[in-house]
>>> print(open('structure26.cif').read())   # mmCIF, N, CA and C atoms and all ligand atoms
data_coords
loop_
_atom_site.label_atom_id
_atom_site.label_comp_id
_atom_site.auth_asym_id
_atom_site.auth_seq_id
_atom_site.Cartn_x
_atom_site.Cartn_y
_atom_site.Cartn_z
N MET A 1 47.89 127.23 18.95
CA MET A 1 48.93 126.36 18.35
C MET A 1 48.65 126.24 16.86
N ASN A 2 49.55 126.72 16.07
CA ASN A 2 49.41 126.66 14.62
C ASN A 2 50.02 125.38 14.08
N GLN A 3 49.16 124.48 13.62
CA GLN A 3 49.66 123.19 13.15
C GLN A 3 50.21 123.26 11.74
N GLN A 4 49.96 124.40 11.07
CA GLN A 4 50.45 124.54 9.71
C GLN A 4 51.97 124.65 9.66
N GLN A 5 52.56 125.05 10.74
CA GLN A 5 53.98 125.41 10.70
C GLN A 5 54.90 124.22 10.42
N PHE A 6 54.46 123.02 10.74
CA PHE A 6 55.33 121.88 10.42
C PHE A 6 54.71 120.99 9.37
N GLU A 7 53.92 121.61 8.51
CA GLU A 7 53.23 120.85 7.49
C GLU A 7 54.18 120.28 6.46
N ASN A 8 55.22 121.01 6.17
CA ASN A 8 56.05 120.65 5.02
C ASN A 8 57.39 120.00 5.36
N PHE A 9 57.54 119.57 6.56
CA PHE A 9 58.75 118.79 6.85
C PHE A 9 58.41 117.66 7.81
N THR A 10 59.23 116.66 7.81
CA THR A 10 59.01 115.52 8.68
C THR A 10 59.57 115.83 10.06
N ALA A 11 58.69 115.91 11.02
CA ALA A 11 59.11 116.26 12.36
C ALA A 11 59.71 115.05 13.06
N SER A 12 60.76 115.26 13.82
CA SER A 12 61.31 114.18 14.62
C SER A 12 61.15 114.50 16.09
N SER A 13 60.87 115.76 16.38
CA SER A 13 60.74 116.18 17.75
C SER A 13 59.80 117.39 17.80
N LEU A 14 58.81 117.32 18.66
CA LEU A 14 57.82 118.39 18.76
C LEU A 14 57.56 118.71 20.23
N TYR A 15 57.05 119.92 20.45
CA TYR A 15 56.72 120.30 21.82
C TYR A 15 55.49 119.55 22.29
N CYS A 16 55.58 118.94 23.46
CA CYS A 16 54.46 118.22 24.04
C CYS A 16 53.91 119.02 25.21
N GLU A 17 52.60 119.26 25.18
CA GLU A 17 51.95 120.04 26.24
C GLU A 17 51.99 119.32 27.59
N LYS A 18 51.86 118.02 27.54
CA LYS A 18 51.84 117.23 28.79
C LYS A 18 53.22 117.15 29.42
N CYS A 19 54.22 116.88 28.57
CA CYS A 19 55.58 116.72 29.07
C CYS A 19 56.26 118.07 29.30
N LYS A 20 55.66 119.14 28.79
CA LYS A 20 56.16 120.51 28.95
C LYS A 20 57.55 120.71 28.35
N THR A 21 57.86 119.90 27.38
CA THR A 21 59.15 120.03 26.72
C THR A 21 59.08 119.45 25.31
N SER A 22 60.10 119.65 24.54
CA SER A 22 60.17 119.09 23.20
C SER A 22 60.53 117.62 23.31
N MET A 23 59.68 116.77 22.71
CA MET A 23 59.87 115.33 22.84
C MET A 23 60.01 114.68 21.47
N PRO A 24 60.77 113.59 21.40
CA PRO A 24 60.80 112.83 20.14
C PRO A 24 59.40 112.28 19.86
N VAL A 25 59.04 112.25 18.60
CA VAL A 25 57.70 111.78 18.25
C VAL A 25 57.79 110.61 17.28
N ARG A 26 56.74 109.84 17.25
CA ARG A 26 56.65 108.80 16.22
C ARG A 26 55.42 109.08 15.37
N GLU A 27 55.57 108.70 14.11
CA GLU A 27 54.56 108.99 13.12
C GLU A 27 53.62 107.80 12.99
N ARG A 28 52.32 108.09 12.94
CA ARG A 28 51.34 107.03 12.79
C ARG A 28 50.38 107.42 11.68
N LEU A 29 50.12 106.50 10.79
CA LEU A 29 49.17 106.77 9.71
C LEU A 29 47.77 106.81 10.29
N LEU A 30 47.12 107.97 10.18
CA LEU A 30 45.84 108.18 10.83
C LEU A 30 44.68 107.95 9.88
N LEU A 31 44.82 108.48 8.66
CA LEU A 31 43.69 108.48 7.74
C LEU A 31 44.19 108.45 6.31
N VAL A 32 43.56 107.64 5.49
CA VAL A 32 43.91 107.59 4.07
C VAL A 32 42.73 108.11 3.27
N LEU A 33 42.94 109.18 2.55
CA LEU A 33 41.92 109.78 1.69
C LEU A 33 42.35 109.59 0.25
N PRO A 34 41.43 109.76 -0.69
CA PRO A 34 41.77 109.53 -2.11
C PRO A 34 42.96 110.36 -2.59
N ASP A 35 43.09 111.56 -2.08
CA ASP A 35 44.15 112.43 -2.59
C ASP A 35 45.23 112.73 -1.56
N ARG A 36 45.08 112.22 -0.36
CA ARG A 36 46.09 112.52 0.65
C ARG A 36 46.05 111.52 1.79
N GLU A 37 47.14 111.49 2.55
CA GLU A 37 47.20 110.67 3.76
C GLU A 37 47.50 111.57 4.92
N ILE A 38 46.87 111.31 6.04
CA ILE A 38 47.08 112.13 7.22
C ILE A 38 47.81 111.31 8.28
N PHE A 39 48.92 111.87 8.74
CA PHE A 39 49.72 111.21 9.75
C PHE A 39 49.56 111.93 11.08
N ASP A 40 49.57 111.18 12.14
CA ASP A 40 49.46 111.69 13.48
C ASP A 40 50.84 111.57 14.13
N TYR A 41 51.24 112.60 14.87
CA TYR A 41 52.50 112.53 15.59
C TYR A 41 52.23 112.29 17.06
N LEU A 42 52.78 111.22 17.58
CA LEU A 42 52.57 110.86 18.97
C LEU A 42 53.85 111.05 19.77
N CYS A 43 53.70 111.66 20.94
CA CYS A 43 54.83 111.83 21.86
C CYS A 43 55.29 110.45 22.33
N THR A 44 56.59 110.21 22.26
CA THR A 44 57.10 108.91 22.69
C THR A 44 57.13 108.79 24.22
N GLY A 45 56.98 109.94 24.89
CA GLY A 45 57.00 109.94 26.35
C GLY A 45 55.66 109.55 26.96
N CYS A 46 54.58 110.24 26.52
CA CYS A 46 53.27 110.03 27.13
C CYS A 46 52.25 109.48 26.14
N GLY A 47 52.59 109.44 24.87
CA GLY A 47 51.69 108.86 23.88
C GLY A 47 50.60 109.77 23.39
N SER A 48 50.59 111.03 23.82
CA SER A 48 49.53 111.92 23.34
C SER A 48 49.87 112.49 21.98
N SER A 49 48.83 112.87 21.25
CA SER A 49 49.01 113.42 19.91
C SER A 49 49.51 114.85 20.01
N VAL A 50 50.62 115.12 19.33
CA VAL A 50 51.20 116.46 19.40
C VAL A 50 51.23 117.17 18.05
N GLY A 51 50.77 116.49 17.01
CA GLY A 51 50.78 117.16 15.71
C GLY A 51 50.20 116.28 14.62
N ARG A 52 49.98 116.92 13.49
CA ARG A 52 49.43 116.23 12.33
C ARG A 52 50.23 116.61 11.11
N ARG A 53 50.23 115.72 10.14
CA ARG A 53 50.86 116.04 8.87
C ARG A 53 50.02 115.46 7.75
N GLU A 54 49.88 116.23 6.70
CA GLU A 54 49.15 115.75 5.53
C GLU A 54 50.15 115.51 4.40
N VAL A 55 50.04 114.35 3.79
CA VAL A 55 50.87 114.04 2.63
C VAL A 55 49.95 113.94 1.43
N THR A 56 50.15 114.83 0.48
CA THR A 56 49.30 114.79 -0.71
C THR A 56 49.84 113.75 -1.68
N ALA A 57 49.04 113.42 -2.68
CA ALA A 57 49.44 112.42 -3.67
C ALA A 57 50.76 112.82 -4.35
N GLY A 58 50.92 114.11 -4.62
CA GLY A 58 52.14 114.60 -5.25
C GLY A 58 53.36 114.35 -4.38
N ASP A 59 53.22 114.62 -3.07
CA ASP A 59 54.32 114.39 -2.13
C ASP A 59 54.69 112.92 -2.08
N ARG A 60 53.64 112.08 -2.13
CA ARG A 60 53.87 110.64 -2.01
C ARG A 60 54.60 110.09 -3.24
N LEU A 61 54.24 110.61 -4.40
CA LEU A 61 54.92 110.19 -5.62
C LEU A 61 56.40 110.55 -5.56
N MET A 62 56.66 111.74 -5.02
CA MET A 62 58.04 112.19 -4.88
C MET A 62 58.80 111.28 -3.92
N ALA A 63 58.15 110.95 -2.80
CA ALA A 63 58.77 110.09 -1.80
C ALA A 63 59.04 108.70 -2.38
N GLN A 64 58.09 108.22 -3.19
CA GLN A 64 58.26 106.91 -3.80
C GLN A 64 59.41 106.92 -4.80
N ALA A 65 59.53 108.02 -5.53
CA ALA A 65 60.62 108.15 -6.49
C ALA A 65 61.97 108.15 -5.77
N MET A 66 62.00 108.81 -4.62
CA MET A 66 63.22 108.84 -3.82
C MET A 66 63.53 107.44 -3.29
N ALA A 67 62.50 106.76 -2.79
CA ALA A 67 62.68 105.43 -2.22
C ALA A 67 63.11 104.43 -3.28
N ALA A 68 62.64 104.62 -4.50
CA ALA A 68 62.96 103.70 -5.58
C ALA A 68 64.45 103.68 -5.88
N ARG A 69 65.11 104.83 -5.60
CA ARG A 69 66.55 104.89 -5.84
C ARG A 69 67.31 104.06 -4.81
N HIS A 70 66.70 103.89 -3.63
CA HIS A 70 67.39 103.21 -2.55
C HIS A 70 67.06 101.72 -2.49
N SER A 71 65.85 101.37 -2.89
CA SER A 71 65.47 99.96 -2.85
C SER A 71 64.95 99.53 -4.20
N ARG A 72 65.33 98.36 -4.59
CA ARG A 72 64.87 97.85 -5.88
C ARG A 72 63.67 96.94 -5.66
N ARG A 73 62.50 97.54 -5.61
CA ARG A 73 61.30 96.75 -5.44
C ARG A 73 60.78 96.30 -6.80
N ALA A 74 60.33 95.09 -6.86
CA ALA A 74 59.79 94.57 -8.11
C ALA A 74 58.47 95.25 -8.44
N ALA A 75 58.38 95.74 -9.63
CA ALA A 75 57.16 96.40 -10.05
C ALA A 75 56.12 95.37 -10.47
N THR A 76 54.89 95.67 -10.12
CA THR A 76 53.80 94.81 -10.54
C THR A 76 53.38 95.18 -11.95
N VAL A 77 53.44 94.22 -12.82
CA VAL A 77 53.11 94.48 -14.22
C VAL A 77 51.76 93.85 -14.55
N HIS A 78 50.87 94.67 -15.00
CA HIS A 78 49.56 94.17 -15.42
C HIS A 78 49.58 93.99 -16.93
N GLN A 79 49.55 92.73 -17.32
CA GLN A 79 49.65 92.45 -18.73
C GLN A 79 48.26 92.31 -19.33
N LEU A 80 48.02 93.04 -20.40
CA LEU A 80 46.72 93.00 -21.05
C LEU A 80 46.71 91.90 -22.11
N THR A 81 45.72 91.06 -22.01
CA THR A 81 45.59 90.01 -23.02
C THR A 81 44.80 90.57 -24.21
N PRO A 82 45.25 90.32 -25.42
CA PRO A 82 44.58 90.86 -26.61
C PRO A 82 43.22 90.22 -26.86
ZN ZN A 101 54.44 113.87 26.08
#
>>> encode(input="structure26.cif", output="structure tokens")
Amino acid sequence: MNQQQFENFTASSLYCEKCKTSMPVRERLLLVLPDREIFDYLCTGCGSSVGRREVTAGDRLMAQAMAARHSRRAATVHQLTP
């Protein structure tokens, strides 16, 4: 099973070995590293892990830029005192 094949897109449905069919999956944040985050894909049918995805810092910045267009979140401003 080559896990690289779905590295670059957000999966909504993956083949589950236990269920023997393609199942909807949910994404779970597995690990946070300094330069990337690793997400685990869990089968919604049996709960087993069916895939992994890595999000690099670059990808996350892009996602944040996209999200910023949809939601107006207040930015935290760090003011430097002279
Ligand atoms: Zn399953």
>>> closest_atom_pairs(input="structure26.cif", of="chain A", to="ligand ZN 101 (chain A)", cutoff="5 Å", atoms="all atoms listed in the file", output="Markdown table")
| residue | atom | partner | partner_atom | distance |
| --- | --- | --- | --- | --- |
| A:Cys16 | CA | A:ZN101 | ZN | 4.8 |
| A:Lys18 | C | A:ZN101 | ZN | 4.8 |
| A:Cys19 | N | A:ZN101 | ZN | 3.9 |
| A:Cys43 | CA | A:ZN101 | ZN | 4.7 |
| A:Gly45 | C | A:ZN101 | ZN | 4.6 |
| A:Cys46 | N | A:ZN101 | ZN | 3.7 |
| A:Gly47 | N | A:ZN101 | ZN | 5.0 |
>>> atom_distance(input="structure26.cif", atom1="atom CA of Arg53 of chain A", atom2="atom CA of Ser12 of chain A")
12.1 Å
>>> atom_distance(input="structure26.cif", atom1="atom CA of Thr56 of chain A", atom2="atom CA of Thr44 of chain A")
25.4 Å
>>> closest_residue(input="structure26.cif", among="A:Arg60, A:Ser48, A:Leu30, A:Leu42", to="Ser13 of chain A", atoms="only C-alpha atoms")
A:Leu42
>>> select_by_dssp(input="structure26.cif", residues="segment 16-64 of chain A", states="alpha helix (DSSP H)", output="PyMOL selection string")
chain A and resi 57-64
